[in-house]
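See structure below.
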Amino acid sequence: MYLSYGRQWISDDDINEVIKVLKSDWLSQGPMIERFENAVAEYVGAKYAVAFSNGTAALHAAMHAAGLKAGNKGLTAPMTFAATSNSMLYVGAEPVFADITLETCCLDPAEAEKKMTSDVKAIVPVSFAAYPVDIGAFRGIADKWGAVLIEDGCQALGAERNGVKVGCEADMTAFSFHPVKPITTGEGGMVTTNSSEYAHSMRLFRTHGITKNPDEFEYPENASFGWYGEMQHLGYNYRLTDFQCVLGYSQMRKLPEFIERRRELAALYFKKLEGTPHLKLQPYHEGHGWHLFMIFVDPGRRLGLFNHLKENGIGAQVHYVPVHLHPFYRRQFGYKEGMFPKTEEMYGSEITIPLFPAMNDSDVDKVTGLIKNYLERV
């Protein structure tokens, strides 16, 4: 049986909730949207949450709400999925990269500080693999330079910093609900914030820039027309459906259990892989959400181990090709190898091995057995 590096856990009660909505009057733009948003906002301790069709749309909306535009720059790490920096390009801004720390695999505050200029209007640290980034350090930098702080928490729903959930400390935090994420809606995303202004801007952004709220009309004399609505800004169709939201709402009730199981599996990996030759483990953090479990292998042995796992039914992966090394970013911005040495060092040795709540302890035994067998004999 093939064991993927990540997988959703959809149970019968999730399916039954979706069926109820499919049989209801509302498939889209109905009551489940706000219900799901409220559940996520309450869970992370934020005042507002705005749902989107996917995590990339959520990041795009956050950049828009932050006011990024042509002539501005956004700062992030090159060790992330391309959507983080792509969302800056979508609003006309230029992405600027700073290196990571190998201890956290997240953006290094000291390196970020070196890249700050008056043109950098948003700092976007990534809580990579659900390791909660040092948001306090970035808060200080953002306040010093007058930049908006947007946490890319797409992998980090359920992670914590000193007992505080990821999602309430940055100006905006983006989450993803892709099937391998902590909870899923199939595809989907959300931004949490404590700013009513940002929340309002993002709600317009996801619905073509159109409002039907009479209190917001620029031409209130038309409010008596029941059909009337105003397009006040250029927006997109980034809505999430009701049947996706009810799946997310059902999954939110199980999120604490999911996170607890992820942490149990991570602890088991640490126990079984400790002392394995040619292998390092990713850093431990008490509030880690363990979206991914990464191992770091001597570069000369990485490809062999990767193929060994694949050949034995283990869905290993590498997260990620650094953004600055993608052909588009090389052509567009002149990036090349050697510019971010720690990011490239991480990329050269990282393998993601399976970790998701539905795994059994015996799955961990199989994965670790294959890893140890290979590295001890090669």
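All residue names refer to the structure tokens as shown: chains lettered A, B, ... in order, residues numbered from 1 in each chain, ligands numbered from 1 in order.
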
Item to check | Neighbour list for stretch 262-269 of chain A as a PyMOL selection string, cut-off 10 Å, only C-alpha atoms, skip fewer than 5 positions in-chain | outcome: chain A and resi 182+256-257+274+281+284+286-295+353-361+363-365+367-368

Restricting the output to N, CA and C atoms, write the selected residues as a tab-separated table (two decimals), in the first residue's frame.
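Printed below is out.tsv as written:
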chain	number	residue	atom	x	y	z
A	182	PRO	N	-3.65	21.04	7.71
A	182	PRO	CA	-4.21	20.55	8.98
A	182	PRO	C	-5.70	20.23	8.93
A	256	PRO	N	-8.13	20.04	17.05
A	256	PRO	CA	-7.28	19.73	18.21
A	256	PRO	C	-6.81	18.27	18.23
A	257	GLU	N	-7.72	17.37	17.87
A	257	GLU	CA	-7.35	15.95	17.81
A	257	GLU	C	-6.33	15.70	16.70
A	274	GLU	N	16.52	8.85	16.05
A	274	GLU	CA	17.65	9.42	16.80
A	274	GLU	C	18.89	8.55	16.63
A	281	LEU	N	17.56	15.75	12.02
A	281	LEU	CA	16.13	15.96	12.11
A	281	LEU	C	15.81	17.44	12.16
A	284	TYR	N	12.94	21.12	16.77
A	284	TYR	CA	11.75	20.92	17.61
A	284	TYR	C	11.29	22.26	18.18
A	286	GLU	N	7.95	23.59	20.78
A	286	GLU	CA	6.83	23.11	21.59
A	286	GLU	C	5.48	23.35	20.93
A	287	GLY	N	5.37	24.45	20.18
A	287	GLY	CA	4.10	24.77	19.55
A	287	GLY	C	4.00	24.35	18.10
A	288	HIS	N	4.96	23.54	17.63
A	288	HIS	CA	5.00	23.10	16.23
A	288	HIS	C	3.70	22.38	15.87
A	289	GLY	N	3.16	22.69	14.69
A	289	GLY	CA	1.95	22.03	14.23
A	289	GLY	C	2.21	20.80	13.38
A	290	TRP	N	3.47	20.58	12.98
A	290	TRP	CA	3.90	19.39	12.23
A	290	TRP	C	3.05	19.14	10.99
A	291	HIS	N	2.91	20.17	10.18
A	291	HIS	CA	2.31	19.96	8.86
A	291	HIS	C	3.18	19.02	8.04
A	292	LEU	N	4.48	19.20	8.14
A	292	LEU	CA	5.44	18.32	7.47
A	292	LEU	C	6.43	17.77	8.48
A	293	PHE	N	6.92	16.57	8.24
A	293	PHE	CA	8.07	16.07	9.00
A	293	PHE	C	9.22	15.96	8.03
A	294	MET	N	10.24	16.79	8.25
A	294	MET	CA	11.39	16.86	7.35
A	294	MET	C	12.60	16.18	7.98
A	295	ILE	N	13.34	15.48	7.15
A	295	ILE	CA	14.64	14.96	7.55
A	295	ILE	C	15.69	15.56	6.63
A	353	ILE	N	8.96	13.19	4.82
A	353	ILE	CA	8.46	11.83	4.95
A	353	ILE	C	7.02	11.87	5.49
A	354	PRO	N	6.26	10.79	5.34
A	354	PRO	CA	4.83	10.83	5.65
A	354	PRO	C	4.51	11.24	7.09
A	355	LEU	N	3.54	12.13	7.20
A	355	LEU	CA	2.98	12.48	8.50
A	355	LEU	C	1.59	13.07	8.27
A	356	PHE	N	0.57	12.36	8.74
A	356	PHE	CA	-0.80	12.85	8.71
A	356	PHE	C	-1.59	12.07	9.75
A	357	PRO	N	-2.67	12.66	10.29
A	357	PRO	CA	-3.32	12.09	11.47
A	357	PRO	C	-3.83	10.67	11.32
A	358	ALA	N	-4.18	10.25	10.11
A	358	ALA	CA	-4.73	8.91	9.93
A	358	ALA	C	-3.66	7.82	9.90
A	359	MET	N	-2.40	8.20	9.98
A	359	MET	CA	-1.33	7.20	10.00
A	359	MET	C	-1.37	6.36	11.28
A	360	ASN	N	-0.91	5.14	11.17
A	360	ASN	CA	-0.73	4.26	12.31
A	360	ASN	C	0.72	4.28	12.77
A	361	ASP	N	0.96	3.88	14.01
A	361	ASP	CA	2.34	3.76	14.50
A	361	ASP	C	3.15	2.80	13.64
A	363	ASP	N	2.97	2.49	10.50
A	363	ASP	CA	3.45	3.21	9.32
A	363	ASP	C	4.78	3.90	9.63
A	364	VAL	N	4.89	4.47	10.82
A	364	VAL	CA	6.14	5.10	11.23
A	364	VAL	C	7.24	4.04	11.31
A	365	ASP	N	6.91	2.88	11.83
A	365	ASP	CA	7.90	1.79	11.90
A	365	ASP	C	8.42	1.44	10.51
A	367	VAL	N	8.43	3.36	7.73
A	367	VAL	CA	9.20	4.45	7.14
A	367	VAL	C	10.59	4.52	7.78
A	368	THR	N	10.63	4.50	9.10
A	368	THR	CA	11.92	4.63	9.78
A	368	THR	C	12.81	3.41	9.54

Next on the checklist: Show me, as a PyMOL selection string, the residues that have an atom within 12 Å of A:Met1 when counting only C-alpha atoms, minus same-chain residues fewer than 6 positions from it.
Outcome noted: chain A and resi 310-315+363+366

Checklist entry - Taking only C-alpha atoms into account, which of A:Lys115, A:Tyr43, A:His60, A:Phe340 comes nearest A:Val166? => result A:Tyr43

Next on the checklist: as a ChimeraX atom specification, please: every residue in stretch 82-209 of chain A that a backbone DSSP assignment puts in strand (DSSP E or B).
Outcome noted: /A:94-97,100,107,120-123,126,148-152,160-161,164-165,172-176,189-193,207

Item to check | Members of stretch 103-162 of chain A assigned helix (DSSP H, G or I) by DSSP, as number ranges by chain | outcome: A: 109-115, 128-130, 135-145

When you look at A:Lys181 with a cut-off of 12 Å (counting only C-alpha atoms), what residues show up, excluding the ones that are within fewer than 3 positions of it in the same chain? I need them as a compact mmCIF listing (two decimals) with C-alpha atoms, in the first residue's frame.
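Just written: part.txt:
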# COMPACT_ATOMS: atom_id res chain seq x y z
CA TYR A 5 3.60 12.19 2.65
CA GLY A 6 0.29 13.88 3.52
CA ARG A 7 -3.38 13.07 3.23
CA GLN A 8 -6.79 14.35 4.26
CA TRP A 9 -8.91 12.57 6.86
CA ASN A 54 -7.76 28.71 -2.04
CA GLY A 55 -4.69 29.70 -0.06
CA ALA A 129 6.03 23.27 7.85
CA ALA A 130 3.96 24.72 10.75
CA GLY A 153 0.49 30.52 7.92
CA CYS A 154 -0.83 28.38 5.07
CA GLN A 155 0.75 25.31 6.68
CA ALA A 156 0.36 26.39 10.29
CA LEU A 157 -3.27 26.29 11.45
CA GLY A 158 -3.11 24.85 14.96
CA PHE A 175 -4.20 29.84 5.83
CA SER A 176 -4.70 27.08 3.27
CA PHE A 177 -7.17 24.19 3.36
CA HIS A 178 -5.59 22.04 0.64
CA THR A 184 -9.28 20.59 4.39
CA THR A 185 -12.13 22.01 2.33
CA GLY A 186 -10.76 20.36 -0.84
CA GLU A 187 -9.32 23.65 -1.97
CA GLY A 188 -9.80 26.75 0.14
CA GLY A 189 -8.12 29.45 2.15
CA GLY A 248 -14.18 22.97 6.91
CA GLN A 251 -13.09 19.53 10.31
CA LEU A 255 -8.52 20.07 14.60
CA PHE A 258 -5.57 16.21 14.45
CA ILE A 259 -2.80 18.40 15.89
CA ARG A 262 0.54 14.96 14.45
CA GLY A 289 1.95 22.03 14.23
CA TRP A 290 3.90 19.39 12.23
CA HIS A 291 2.31 19.96 8.86
CA LEU A 292 5.44 18.32 7.47
CA LEU A 355 2.98 12.48 8.50
CA PHE A 356 -0.80 12.85 8.71
CA PRO A 357 -3.32 12.09 11.47

Residue contacts of A:Val378 (12 Å, only C-alpha atoms) excluding same-chain residues fewer than 6 positions away, as a compact mmCIF listing (two decimals) with N, CA and C atoms, in the first residue's frame:
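As a result, result24.txt now contains:
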# COMPACT_ATOMS: atom_id res chain seq x y z
N PRO A 277 22.84 7.37 11.26
CA PRO A 277 23.98 8.02 10.59
C PRO A 277 23.55 8.80 9.35
N HIS A 278 24.29 9.87 9.07
CA HIS A 278 24.10 10.70 7.87
C HIS A 278 22.74 11.40 7.86
N ASP A 298 22.71 13.69 4.18
CA ASP A 298 23.91 14.09 3.44
C ASP A 298 23.57 14.19 1.95
N GLY A 300 24.98 13.69 -0.80
CA GLY A 300 25.36 12.59 -1.66
C GLY A 300 24.48 11.36 -1.50
N ARG A 301 23.73 11.29 -0.42
CA ARG A 301 22.87 10.13 -0.16
C ARG A 301 21.39 10.45 -0.34
N ARG A 302 21.07 11.73 -0.55
CA ARG A 302 19.66 12.11 -0.56
C ARG A 302 18.87 11.47 -1.70
N GLY A 304 19.46 8.84 -3.46
CA GLY A 304 19.35 7.39 -3.29
C GLY A 304 18.30 7.03 -2.27
N LEU A 305 18.27 7.74 -1.14
CA LEU A 305 17.26 7.47 -0.13
C LEU A 305 15.87 7.82 -0.63
N HIS A 308 14.81 5.09 -2.86
CA HIS A 308 14.59 3.88 -2.06
C HIS A 308 13.22 3.91 -1.40
N ILE A 371 14.44 3.94 6.18
CA ILE A 371 15.46 5.00 6.24
C ILE A 371 16.73 4.48 6.91
N LYS A 372 16.57 3.83 8.04
CA LYS A 372 17.73 3.34 8.78
C LYS A 372 18.46 2.25 8.02

Item to check | Length of the atom CA of A:Met252 to atom CA of A:Asp13 vector [Å] | outcome: 12.4 Å

Checklist entry - Quick one: distance from atom CA of A:Pro341 to atom CA of A:Ala70 in Å, one decimal? => result 28.9 Å

Checklist entry - Contacts of A:His319 at 8 Å or less, counting only C-alpha atoms, minus same-chain residues fewer than 4 places along, as a ChimeraX atom specification? => result /A:80,347,350-352

What would the file look like if the residues just selected were written as a PDB file, in the first residue's frame with N, CA and C atoms?
ATOM      1  N   THR A  80       9.820  28.638   0.319  1.00  0.00           N
ATOM      2  CA  THR A  80       8.375  28.656   0.466  1.00  0.00           C
ATOM      3  C   THR A  80       7.777  28.172  -0.840  1.00  0.00           C
ATOM      4  N   TYR A 347      17.631  22.985   0.913  1.00  0.00           N
ATOM      5  CA  TYR A 347      17.053  22.323  -0.259  1.00  0.00           C
ATOM      6  C   TYR A 347      17.888  21.129  -0.703  1.00  0.00           C
ATOM      7  N   GLU A 350      17.050  18.153   2.150  1.00  0.00           N
ATOM      8  CA  GLU A 350      15.739  17.897   2.763  1.00  0.00           C
ATOM      9  C   GLU A 350      14.954  16.806   2.052  1.00  0.00           C
ATOM     10  N   ILE A 351      14.292  15.970   2.833  1.00  0.00           N
ATOM     11  CA  ILE A 351      13.271  15.039   2.360  1.00  0.00           C
ATOM     12  C   ILE A 351      12.099  15.112   3.334  1.00  0.00           C
ATOM     13  N   THR A 352      10.896  15.217   2.795  1.00  0.00           N
ATOM     14  CA  THR A 352       9.683  15.154   3.618  1.00  0.00           C
ATOM     15  C   THR A 352       9.185  13.715   3.632  1.00  0.00           C
TER      16      THR A 352
END

Set out as a tab-separated table a contact list for stretch 57-128 of chain A and stretch 139-143 of chain A with a cut-off of 10 Å, giving each residue of stretch 57-128 of chain A that qualifies its closest atom pair and distance in Å to one decimal, counting only C-alpha atoms, ordered by chain and rising residue number.
residue	atom	partner	partner_atom	distance
A:Pro109	CA	A:Ile141	CA	8.1
A:Ala110	CA	A:Ile141	CA	9.6
A:Ala112	CA	A:Ile141	CA	8.5
A:Glu113	CA	A:Ile141	CA	6.8
A:Met116	CA	A:Ile141	CA	8.5
A:Val120	CA	A:Ala142	CA	9.4
A:Lys121	CA	A:Ala142	CA	8.6
A:Ala122	CA	A:Ala142	CA	7.7
A:Ile123	CA	A:Ala142	CA	6.8
A:Val124	CA	A:Ala142	CA	9.9

Generate the output file for the selected residues, C-alpha atoms, as a PDB file, in the first residue's frame.
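And here's result-v1.pdb as it stands now:
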ATOM      1  CA  PRO A 109      14.874  38.286  11.130  1.00  0.00           C
ATOM      2  CA  ALA A 110      18.481  39.493  10.987  1.00  0.00           C
ATOM      3  CA  ALA A 112      15.276  40.405   6.714  1.00  0.00           C
ATOM      4  CA  GLU A 113      16.397  43.562   8.488  1.00  0.00           C
ATOM      5  CA  MET A 116      14.553  46.558   4.482  1.00  0.00           C
ATOM      6  CA  VAL A 120       9.273  47.418   1.353  1.00  0.00           C
ATOM      7  CA  LYS A 121       5.621  47.812   2.312  1.00  0.00           C
ATOM      8  CA  ALA A 122       4.944  44.278   3.539  1.00  0.00           C
ATOM      9  CA  ILE A 123       6.968  41.676   5.430  1.00  0.00           C
ATOM     10  CA  VAL A 124       5.709  38.138   4.848  1.00  0.00           C
TER      11      VAL A 124
END

Checklist entry - What's the 6 Å shell around A:Phe97, counting only C-alpha atoms, without same-chain residues fewer than 2 positions away, as number ranges by chain? => result A: 75-78

Checklist entry - Could you name the residues that touch A:Val44 at 12 Å or less, counting only C-alpha atoms, but leaving out those on the same chain fewer than 3 positions away, as a PyMOL selection string? => result chain A and resi 37-41+47-49+153+156-161+163-170+172-175+190-194+252+255-256

Could you dump the residues just selected with N, CA and C atoms as an mmCIF file, in the first residue's frame?
data_model
loop_
_atom_site.group_PDB
_atom_site.id
_atom_site.type_symbol
_atom_site.label_atom_id
_atom_site.label_comp_id
_atom_site.auth_asym_id
_atom_site.auth_seq_id
_atom_site.Cartn_x
_atom_site.Cartn_y
_atom_site.Cartn_z
ATOM 1 N N GLU A 37 -16.096 30.919 8.905
ATOM 2 C CA GLU A 37 -15.205 32.031 9.222
ATOM 3 C C GLU A 37 -15.164 32.292 10.724
ATOM 4 N N ASN A 38 -16.331 32.304 11.341
ATOM 5 C CA ASN A 38 -16.389 32.559 12.786
ATOM 6 C C ASN A 38 -15.675 31.469 13.583
ATOM 7 N N ALA A 39 -15.789 30.228 13.124
ATOM 8 C CA ALA A 39 -15.139 29.119 13.829
ATOM 9 C C ALA A 39 -13.625 29.266 13.788
ATOM 10 N N VAL A 40 -13.086 29.646 12.632
ATOM 11 C CA VAL A 40 -11.635 29.810 12.511
ATOM 12 C C VAL A 40 -11.173 31.022 13.312
ATOM 13 N N ALA A 41 -11.907 32.137 13.208
ATOM 14 C CA ALA A 41 -11.531 33.341 13.955
ATOM 15 C C ALA A 41 -11.520 33.075 15.455
ATOM 16 N N LYS A 47 -10.311 38.707 15.485
ATOM 17 C CA LYS A 47 -11.648 39.319 15.418
ATOM 18 C C LYS A 47 -12.380 38.958 14.134
ATOM 19 N N TYR A 48 -11.640 38.799 13.049
ATOM 20 C CA TYR A 48 -12.274 38.598 11.745
ATOM 21 C C TYR A 48 -11.569 37.474 10.991
ATOM 22 N N ALA A 49 -12.333 36.819 10.123
ATOM 23 C CA ALA A 49 -11.784 35.830 9.203
ATOM 24 C C ALA A 49 -12.550 35.944 7.895
ATOM 25 N N GLY A 153 0.745 31.657 7.048
ATOM 26 C CA GLY A 153 0.494 30.518 7.922
ATOM 27 C C GLY A 153 -0.235 29.411 7.198
ATOM 28 N N ALA A 156 0.158 26.294 8.840
ATOM 29 C CA ALA A 156 0.356 26.392 10.285
ATOM 30 C C ALA A 156 -0.899 26.541 11.130
ATOM 31 N N LEU A 157 -2.080 26.247 10.602
ATOM 32 C CA LEU A 157 -3.270 26.292 11.446
ATOM 33 C C LEU A 157 -3.122 25.274 12.574
ATOM 34 N N GLY A 158 -3.253 25.728 13.810
ATOM 35 C CA GLY A 158 -3.111 24.851 14.965
ATOM 36 C C GLY A 158 -1.771 24.982 15.667
ATOM 37 N N ALA A 159 -0.783 25.596 15.003
ATOM 38 C CA ALA A 159 0.508 25.835 15.650
ATOM 39 C C ALA A 159 0.380 26.973 16.662
ATOM 40 N N GLU A 160 1.321 27.033 17.623
ATOM 41 C CA GLU A 160 1.220 28.006 18.712
ATOM 42 C C GLU A 160 2.580 28.632 19.009
ATOM 43 N N ARG A 161 2.532 29.855 19.519
ATOM 44 C CA ARG A 161 3.709 30.535 20.078
ATOM 45 C C ARG A 161 3.386 30.901 21.511
ATOM 46 N N GLY A 163 1.717 29.451 23.698
ATOM 47 C CA GLY A 163 0.315 29.210 23.992
ATOM 48 C C GLY A 163 -0.658 30.040 23.189
ATOM 49 N N VAL A 164 -0.161 30.895 22.295
ATOM 50 C CA VAL A 164 -1.012 31.739 21.455
ATOM 51 C C VAL A 164 -1.051 31.148 20.049
ATOM 52 N N LYS A 165 -2.236 30.923 19.537
ATOM 53 C CA LYS A 165 -2.379 30.304 18.228
ATOM 54 C C LYS A 165 -1.851 31.211 17.113
ATOM 55 N N VAL A 166 -1.209 30.604 16.131
ATOM 56 C CA VAL A 166 -0.875 31.320 14.909
ATOM 57 C C VAL A 166 -2.176 31.822 14.291
ATOM 58 N N GLY A 167 -2.208 33.111 13.952
ATOM 59 C CA GLY A 167 -3.400 33.653 13.311
ATOM 60 C C GLY A 167 -3.934 34.924 13.923
ATOM 61 N N CYS A 168 -3.351 35.363 15.044
ATOM 62 C CA CYS A 168 -3.896 36.559 15.702
ATOM 63 C C CYS A 168 -2.844 37.625 15.996
ATOM 64 N N GLU A 169 -1.578 37.373 15.675
ATOM 65 C CA GLU A 169 -0.523 38.305 16.072
ATOM 66 C C GLU A 169 -0.011 39.182 14.932
ATOM 67 N N ALA A 170 -0.063 38.703 13.712
ATOM 68 C CA ALA A 170 0.311 39.526 12.564
ATOM 69 C C ALA A 170 -0.860 40.436 12.198
ATOM 70 N N MET A 172 -2.226 40.432 9.298
ATOM 71 C CA MET A 172 -3.060 39.453 8.609
ATOM 72 C C MET A 172 -2.307 38.129 8.573
ATOM 73 N N THR A 173 -3.046 37.024 8.661
ATOM 74 C CA THR A 173 -2.451 35.689 8.555
ATOM 75 C C THR A 173 -3.246 34.884 7.545
ATOM 76 N N ALA A 174 -2.550 34.305 6.573
ATOM 77 C CA ALA A 174 -3.199 33.510 5.537
ATOM 78 C C ALA A 174 -3.073 32.025 5.855
ATOM 79 N N PHE A 175 -4.173 31.293 5.639
ATOM 80 C CA PHE A 175 -4.203 29.845 5.826
ATOM 81 C C PHE A 175 -4.655 29.168 4.537
ATOM 82 N N MET A 190 -8.116 31.119 3.878
ATOM 83 C CA MET A 190 -8.722 32.110 4.766
ATOM 84 C C MET A 190 -7.653 33.069 5.245
ATOM 85 N N VAL A 191 -8.061 34.306 5.498
ATOM 86 C CA VAL A 191 -7.191 35.291 6.130
ATOM 87 C C VAL A 191 -7.855 35.732 7.423
ATOM 88 N N THR A 192 -7.097 35.701 8.516
ATOM 89 C CA THR A 192 -7.581 36.210 9.791
ATOM 90 C C THR A 192 -6.898 37.542 10.088
ATOM 91 N N THR A 193 -7.617 38.415 10.772
ATOM 92 C CA THR A 193 -7.093 39.744 11.077
ATOM 93 C C THR A 193 -7.878 40.344 12.231
ATOM 94 N N ASN A 194 -7.293 41.324 12.888
ATOM 95 C CA ASN A 194 -7.996 42.092 13.913
ATOM 96 C C ASN A 194 -8.421 43.458 13.397
ATOM 97 N N MET A 252 -12.974 21.586 11.625
ATOM 98 C CA MET A 252 -12.475 22.427 12.716
ATOM 99 C C MET A 252 -12.758 21.808 14.078
ATOM 100 N N LEU A 255 -9.882 19.547 14.728
ATOM 101 C CA LEU A 255 -8.523 20.068 14.597
ATOM 102 C C LEU A 255 -7.655 19.809 15.830
ATOM 103 N N PRO A 256 -8.134 20.042 17.052
ATOM 104 C CA PRO A 256 -7.283 19.727 18.211
ATOM 105 C C PRO A 256 -6.815 18.270 18.230
#

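Restricting the calculation to only C-alpha atoms, the smallest distance between A:Tyr236 and any of A:Lys280, A:His200, A:Arg206, A:Lys254 is found for A:Arg206.
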
Checklist entry - When distances are computed from only C-alpha atoms, which of A:Phe205, A:Ala223, A:His285, A:Leu325 shows the smallest separation from A:Ser127? => result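 Counting only C-alpha atoms, the residue closest to A:Ser127 is A:His285.
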